[in-house]
Amino acid sequence: MSKAIPFIISSPSGGGKTTILKKVLAGLPGIVFSISHTTRSPRPGEVNGRDYYFVTEEEFIAVREQTPSGFIEWARVHDNFYGTSRSDVEMRLKEGADVILDIDIQGARQVKDAIEAVSIFIAPPSLTELERRLRGRGTESEEVVALRLANARRELTAAAEYDYLVINDSLSEAVEMVRSILISERSRKRRNIDGNSVELNIS
């Protein structure tokens, strides 16, 4: 049986999870990033098939209605649909790769109802700092920033539902904490840092 682990990672928009995950994944082998489907438009620099699968609402609904291989979780967030392919996650786990699911709290609850997963919540040091980061992007309107801040207040109250809480005050420390969590969970499954199984030699 595969010892691969699905990891749920959630954060309010602007919490820094994308940056943290890129740095963590660059230094740990055997971990893959689950690419979500979304109906929102790509942001500058985002690439279809690398950051998200950018699809139309009609295409999203078609996948959602597939049974049983549709989405393991899906939600409407900020007036856009997001979803994670069940078949893609299951295939990766069977291949022996740990899977990172970068999803919101609605999706996290759905996944935890469906499979056993390790959950990590990444939070900003304060809502004031989160607002500064969101405005610093310069990619969203005042209305969108206000909506994201309102949603962040709600999302932060759900942090207690997660196995781990990481405060992203210092990026380097947050990266190390997430990395340490992944390594610790691998160790619980009798696996090395690189994801390979540990074999006890007593001969």
# chains A, B, ... in the order shown; residues from 1 in each chain; ligands from 1
>>> select_by_dssp(residues="segment 5-183 of chain A", states="strand (DSSP E or B)", output="ChimeraX atom specification")
/A:6-10,31-33,37-38,48,52-54,71-77,80-85,98-102,118-123,164-167
>>> write_last_selection(atoms="N, CA and C atoms", output="CSV table (one decimal), in the first residue's frame")
chain,number,residue,atom,x,y,z
A,6,PRO,N,-1.5,12.9,1.2
A,6,PRO,CA,-2.0,14.2,0.7
A,6,PRO,C,-1.9,15.3,1.8
A,7,PHE,N,-1.4,16.4,1.4
A,7,PHE,CA,-1.2,17.5,2.3
A,7,PHE,C,-2.2,18.7,1.9
A,8,ILE,N,-3.0,19.1,2.8
A,8,ILE,CA,-3.9,20.2,2.5
A,8,ILE,C,-3.2,21.5,3.1
A,9,ILE,N,-3.1,22.5,2.2
A,9,ILE,CA,-2.5,23.8,2.7
A,9,ILE,C,-3.5,24.9,2.3
A,10,SER,N,-3.9,25.6,3.3
A,10,SER,CA,-4.9,26.7,3.1
A,10,SER,C,-4.3,28.0,3.7
A,31,ILE,N,7.4,15.2,-4.0
A,31,ILE,CA,6.2,15.9,-3.7
A,31,ILE,C,5.7,16.6,-5.0
A,32,VAL,N,4.5,16.4,-5.3
A,32,VAL,CA,3.9,17.1,-6.4
A,32,VAL,C,2.8,18.1,-6.0
A,33,PHE,N,2.6,19.1,-6.8
A,33,PHE,CA,1.6,20.1,-6.6
A,33,PHE,C,0.3,19.8,-7.4
A,37,HIS,N,-8.4,23.3,-11.1
A,37,HIS,CA,-9.1,23.9,-12.1
A,37,HIS,C,-9.7,25.2,-11.6
A,38,THR,N,-9.8,26.3,-12.4
A,38,THR,CA,-10.4,27.5,-12.0
A,38,THR,C,-11.1,28.2,-13.2
A,48,ASN,N,-1.2,28.3,-17.9
A,48,ASN,CA,-2.2,27.2,-17.9
A,48,ASN,C,-1.5,25.9,-17.8
A,52,TYR,N,-2.6,26.8,-12.8
A,52,TYR,CA,-4.0,26.3,-12.7
A,52,TYR,C,-4.3,25.7,-14.1
A,53,TYR,N,-5.4,25.0,-14.1
A,53,TYR,CA,-6.1,24.7,-15.4
A,53,TYR,C,-7.1,25.8,-15.5
A,54,PHE,N,-7.0,26.7,-16.4
A,54,PHE,CA,-7.9,27.8,-16.6
A,54,PHE,C,-9.0,27.3,-17.6
A,71,PHE,N,-14.5,16.1,-9.2
A,71,PHE,CA,-13.7,16.9,-8.3
A,71,PHE,C,-13.8,16.3,-6.9
A,72,ILE,N,-12.6,16.1,-6.2
A,72,ILE,CA,-12.6,15.7,-4.9
A,72,ILE,C,-13.1,16.8,-3.9
A,73,GLU,N,-12.9,18.0,-4.4
A,73,GLU,CA,-13.5,19.2,-3.7
A,73,GLU,C,-13.7,20.3,-4.8
A,74,TRP,N,-14.7,21.1,-4.5
A,74,TRP,CA,-14.9,22.3,-5.4
A,74,TRP,C,-15.6,23.4,-4.6
A,75,ALA,N,-15.4,24.6,-5.0
A,75,ALA,CA,-16.1,25.7,-4.3
A,75,ALA,C,-16.2,26.9,-5.2
A,76,ARG,N,-17.1,27.8,-4.9
A,76,ARG,CA,-17.1,29.1,-5.5
A,76,ARG,C,-16.5,30.1,-4.6
A,77,VAL,N,-15.4,30.7,-5.0
A,77,VAL,CA,-14.7,31.7,-4.2
A,77,VAL,C,-14.5,33.0,-5.0
A,80,ASN,N,-15.7,33.0,-8.5
A,80,ASN,CA,-15.1,32.1,-9.4
A,80,ASN,C,-15.1,30.7,-8.9
A,81,PHE,N,-15.1,29.7,-9.8
A,81,PHE,CA,-15.1,28.3,-9.3
A,81,PHE,C,-13.7,27.8,-9.2
A,82,TYR,N,-13.4,26.9,-8.2
A,82,TYR,CA,-12.1,26.2,-8.1
A,82,TYR,C,-12.4,24.8,-7.8
A,83,GLY,N,-11.6,23.9,-8.3
A,83,GLY,CA,-11.9,22.5,-8.0
A,83,GLY,C,-10.6,21.6,-8.2
A,84,THR,N,-10.5,20.5,-7.5
A,84,THR,CA,-9.4,19.6,-7.5
A,84,THR,C,-9.8,18.3,-8.1
A,85,SER,N,-9.1,17.8,-9.1
A,85,SER,CA,-9.5,16.6,-9.8
A,85,SER,C,-9.2,15.4,-8.9
A,98,ASP,N,3.8,12.3,-2.7
A,98,ASP,CA,3.0,13.1,-1.8
A,98,ASP,C,2.4,14.2,-2.6
A,99,VAL,N,1.2,14.6,-2.2
A,99,VAL,CA,0.4,15.6,-3.0
A,99,VAL,C,0.1,16.8,-2.2
A,100,ILE,N,0.4,17.9,-2.7
A,100,ILE,CA,0.1,19.2,-2.0
A,100,ILE,C,-1.2,19.7,-2.7
A,101,LEU,N,-2.3,19.9,-1.8
A,101,LEU,CA,-3.5,20.5,-2.3
A,101,LEU,C,-3.6,21.9,-1.7
A,102,ASP,N,-3.5,22.9,-2.6
A,102,ASP,CA,-3.5,24.3,-2.2
A,102,ASP,C,-5.0,24.7,-2.4
A,118,VAL,N,-3.3,15.4,5.8
A,118,VAL,CA,-2.6,16.3,6.8
A,118,VAL,C,-2.9,17.7,6.4
A,119,SER,N,-3.4,18.5,7.3
A,119,SER,CA,-3.8,19.9,7.0
A,119,SER,C,-2.9,20.9,7.7
A,120,ILE,N,-2.5,21.9,6.9
A,120,ILE,CA,-1.7,23.0,7.4
A,120,ILE,C,-2.4,24.4,7.0
A,121,PHE,N,-2.5,25.2,8.0
A,121,PHE,CA,-3.1,26.6,7.7
A,121,PHE,C,-1.9,27.6,7.9
A,122,ILE,N,-1.8,28.4,6.8
A,122,ILE,CA,-0.8,29.5,6.8
A,122,ILE,C,-1.5,30.8,7.0
A,123,ALA,N,-1.1,31.5,8.1
A,123,ALA,CA,-1.8,32.8,8.4
A,123,ALA,C,-0.9,34.0,8.3
A,164,TYR,N,-2.0,21.8,11.7
A,164,TYR,CA,-0.9,22.7,12.0
A,164,TYR,C,-1.2,24.1,11.6
A,165,LEU,N,-0.6,25.1,12.4
A,165,LEU,CA,-0.8,26.5,12.1
A,165,LEU,C,0.6,27.1,11.9
A,166,VAL,N,0.8,27.8,10.8
A,166,VAL,CA,2.1,28.5,10.5
A,166,VAL,C,1.8,29.9,10.3
A,167,ILE,N,2.5,30.8,11.1
A,167,ILE,CA,2.3,32.2,11.0
A,167,ILE,C,3.4,32.8,10.0
>>> select_by_dssp(residues="segment 11-55 of chain A", states="helix (DSSP H, G or I)", output="list of chain:residue names")
A:Lys17, A:Thr18, A:Thr19, A:Ile20, A:Leu21, A:Lys22, A:Lys23, A:Val24, A:Leu25, A:Ala26, A:Gly27
>>> closest_residue(among="A:Val63, A:Leu28, A:Ala117, A:Leu147", to="Pro12 of chain A", atoms="only C-alpha atoms")
A:Leu147
>>> atom_distance(atom1="atom CA of Asp169 of chain A", atom2="atom CA of Arg154 of chain A")
19.8 Å
>>> residues_around(residues="Pro124 of chain A", least_positions_apart="3", cutoff="12 Å", atoms="only C-alpha atoms", output="PyMOL selection string")
chain A and resi 10-17+121+127-134+149+152-153+155-156+159+165-171+174
>>> write_last_selection(atoms="N, CA and C atoms", output="PDB file, in the first residue's frame")
ATOM      1  N   SER A  10      -3.919  25.644   3.323  1.00  0.00           N
ATOM      2  CA  SER A  10      -4.866  26.742   3.108  1.00  0.00           C
ATOM      3  C   SER A  10      -4.311  28.029   3.706  1.00  0.00           C
ATOM      4  N   SER A  11      -4.783  29.137   3.163  1.00  0.00           N
ATOM      5  CA  SER A  11      -4.371  30.446   3.652  1.00  0.00           C
ATOM      6  C   SER A  11      -5.299  31.492   3.065  1.00  0.00           C
ATOM      7  N   PRO A  12      -5.538  32.592   3.763  1.00  0.00           N
ATOM      8  CA  PRO A  12      -6.262  33.695   3.126  1.00  0.00           C
ATOM      9  C   PRO A  12      -5.488  34.196   1.917  1.00  0.00           C
ATOM     10  N   SER A  13      -6.180  34.736   0.951  1.00  0.00           N
ATOM     11  CA  SER A  13      -5.519  35.324  -0.203  1.00  0.00           C
ATOM     12  C   SER A  13      -4.540  36.392   0.262  1.00  0.00           C
ATOM     13  N   GLY A  14      -3.289  36.279  -0.190  1.00  0.00           N
ATOM     14  CA  GLY A  14      -2.262  37.214   0.257  1.00  0.00           C
ATOM     15  C   GLY A  14      -1.487  36.713   1.458  1.00  0.00           C
ATOM     16  N   GLY A  15      -1.814  35.514   1.932  1.00  0.00           N
ATOM     17  CA  GLY A  15      -1.141  34.960   3.106  1.00  0.00           C
ATOM     18  C   GLY A  15       0.256  34.438   2.821  1.00  0.00           C
ATOM     19  N   GLY A  16       0.575  34.263   1.552  1.00  0.00           N
ATOM     20  CA  GLY A  16       1.928  33.869   1.184  1.00  0.00           C
ATOM     21  C   GLY A  16       2.129  32.401   0.898  1.00  0.00           C
ATOM     22  N   LYS A  17       1.034  31.621   0.838  1.00  0.00           N
ATOM     23  CA  LYS A  17       1.227  30.175   0.688  1.00  0.00           C
ATOM     24  C   LYS A  17       1.846  29.792  -0.649  1.00  0.00           C
ATOM     25  N   PHE A 121      -2.485  25.245   7.987  1.00  0.00           N
ATOM     26  CA  PHE A 121      -3.053  26.572   7.736  1.00  0.00           C
ATOM     27  C   PHE A 121      -1.942  27.607   7.872  1.00  0.00           C
ATOM     28  N   LEU A 127      -4.223  41.181  10.190  1.00  0.00           N
ATOM     29  CA  LEU A 127      -5.043  41.618   9.061  1.00  0.00           C
ATOM     30  C   LEU A 127      -4.491  42.908   8.451  1.00  0.00           C
ATOM     31  N   THR A 128      -3.848  43.725   9.264  1.00  0.00           N
ATOM     32  CA  THR A 128      -3.235  44.952   8.750  1.00  0.00           C
ATOM     33  C   THR A 128      -2.126  44.622   7.754  1.00  0.00           C
ATOM     34  N   GLU A 129      -1.305  43.637   8.118  1.00  0.00           N
ATOM     35  CA  GLU A 129      -0.237  43.211   7.213  1.00  0.00           C
ATOM     36  C   GLU A 129      -0.806  42.561   5.965  1.00  0.00           C
ATOM     37  N   LEU A 130      -1.885  41.788   6.138  1.00  0.00           N
ATOM     38  CA  LEU A 130      -2.515  41.160   4.976  1.00  0.00           C
ATOM     39  C   LEU A 130      -3.026  42.225   4.007  1.00  0.00           C
ATOM     40  N   GLU A 131      -3.647  43.276   4.540  1.00  0.00           N
ATOM     41  CA  GLU A 131      -4.147  44.353   3.678  1.00  0.00           C
ATOM     42  C   GLU A 131      -2.990  45.011   2.934  1.00  0.00           C
ATOM     43  N   ARG A 132      -1.860  45.217   3.603  1.00  0.00           N
ATOM     44  CA  ARG A 132      -0.696  45.822   2.952  1.00  0.00           C
ATOM     45  C   ARG A 132      -0.212  44.950   1.796  1.00  0.00           C
ATOM     46  N   ARG A 133      -0.191  43.639   2.003  1.00  0.00           N
ATOM     47  CA  ARG A 133       0.268  42.724   0.952  1.00  0.00           C
ATOM     48  C   ARG A 133      -0.698  42.724  -0.231  1.00  0.00           C
ATOM     49  N   LEU A 134      -1.988  42.711   0.053  1.00  0.00           N
ATOM     50  CA  LEU A 134      -2.972  42.695  -1.028  1.00  0.00           C
ATOM     51  C   LEU A 134      -2.892  43.962  -1.866  1.00  0.00           C
ATOM     52  N   LEU A 149     -10.386  40.780   2.164  1.00  0.00           N
ATOM     53  CA  LEU A 149     -10.175  41.036   3.589  1.00  0.00           C
ATOM     54  C   LEU A 149     -11.343  40.511   4.420  1.00  0.00           C
ATOM     55  N   ALA A 152     -11.013  36.864   4.564  1.00  0.00           N
ATOM     56  CA  ALA A 152      -9.883  36.477   5.410  1.00  0.00           C
ATOM     57  C   ALA A 152     -10.289  36.405   6.870  1.00  0.00           C
ATOM     58  N   ARG A 153     -11.103  37.348   7.308  1.00  0.00           N
ATOM     59  CA  ARG A 153     -11.566  37.325   8.703  1.00  0.00           C
ATOM     60  C   ARG A 153     -12.318  36.026   8.996  1.00  0.00           C
ATOM     61  N   GLU A 155     -12.027  33.174   7.218  1.00  0.00           N
ATOM     62  CA  GLU A 155     -11.130  32.029   7.052  1.00  0.00           C
ATOM     63  C   GLU A 155     -10.227  31.828   8.264  1.00  0.00           C
ATOM     64  N   LEU A 156      -9.788  32.918   8.885  1.00  0.00           N
ATOM     65  CA  LEU A 156      -8.895  32.805  10.033  1.00  0.00           C
ATOM     66  C   LEU A 156      -9.569  32.115  11.211  1.00  0.00           C
ATOM     67  N   ALA A 159      -8.924  28.286  11.342  1.00  0.00           N
ATOM     68  CA  ALA A 159      -7.560  27.763  11.498  1.00  0.00           C
ATOM     69  C   ALA A 159      -7.498  26.626  12.516  1.00  0.00           C
ATOM     70  N   LEU A 165      -0.612  25.059  12.360  1.00  0.00           N
ATOM     71  CA  LEU A 165      -0.764  26.493  12.091  1.00  0.00           C
ATOM     72  C   LEU A 165       0.615  27.107  11.926  1.00  0.00           C
ATOM     73  N   VAL A 166       0.836  27.779  10.800  1.00  0.00           N
ATOM     74  CA  VAL A 166       2.107  28.455  10.534  1.00  0.00           C
ATOM     75  C   VAL A 166       1.813  29.936  10.330  1.00  0.00           C
ATOM     76  N   ILE A 167       2.452  30.807  11.114  1.00  0.00           N
ATOM     77  CA  ILE A 167       2.295  32.249  10.961  1.00  0.00           C
ATOM     78  C   ILE A 167       3.393  32.753  10.026  1.00  0.00           C
ATOM     79  N   ASN A 168       2.999  33.337   8.909  1.00  0.00           N
ATOM     80  CA  ASN A 168       3.960  33.815   7.918  1.00  0.00           C
ATOM     81  C   ASN A 168       4.340  35.261   8.217  1.00  0.00           C
ATOM     82  N   ASP A 169       5.143  35.426   9.266  1.00  0.00           N
ATOM     83  CA  ASP A 169       5.686  36.738   9.602  1.00  0.00           C
ATOM     84  C   ASP A 169       7.054  36.889   8.948  1.00  0.00           C
ATOM     85  N   SER A 170       7.881  35.861   9.115  1.00  0.00           N
ATOM     86  CA  SER A 170       9.177  35.780   8.437  1.00  0.00           C
ATOM     87  C   SER A 170       9.070  34.688   7.382  1.00  0.00           C
ATOM     88  N   LEU A 171       9.290  35.035   6.105  1.00  0.00           N
ATOM     89  CA  LEU A 171       9.142  34.060   5.030  1.00  0.00           C
ATOM     90  C   LEU A 171      10.077  32.874   5.215  1.00  0.00           C
ATOM     91  N   ALA A 174       8.754  30.617   7.925  1.00  0.00           N
ATOM     92  CA  ALA A 174       7.537  29.922   7.509  1.00  0.00           C
ATOM     93  C   ALA A 174       7.867  28.783   6.556  1.00  0.00           C
TER      94      ALA A 174
END
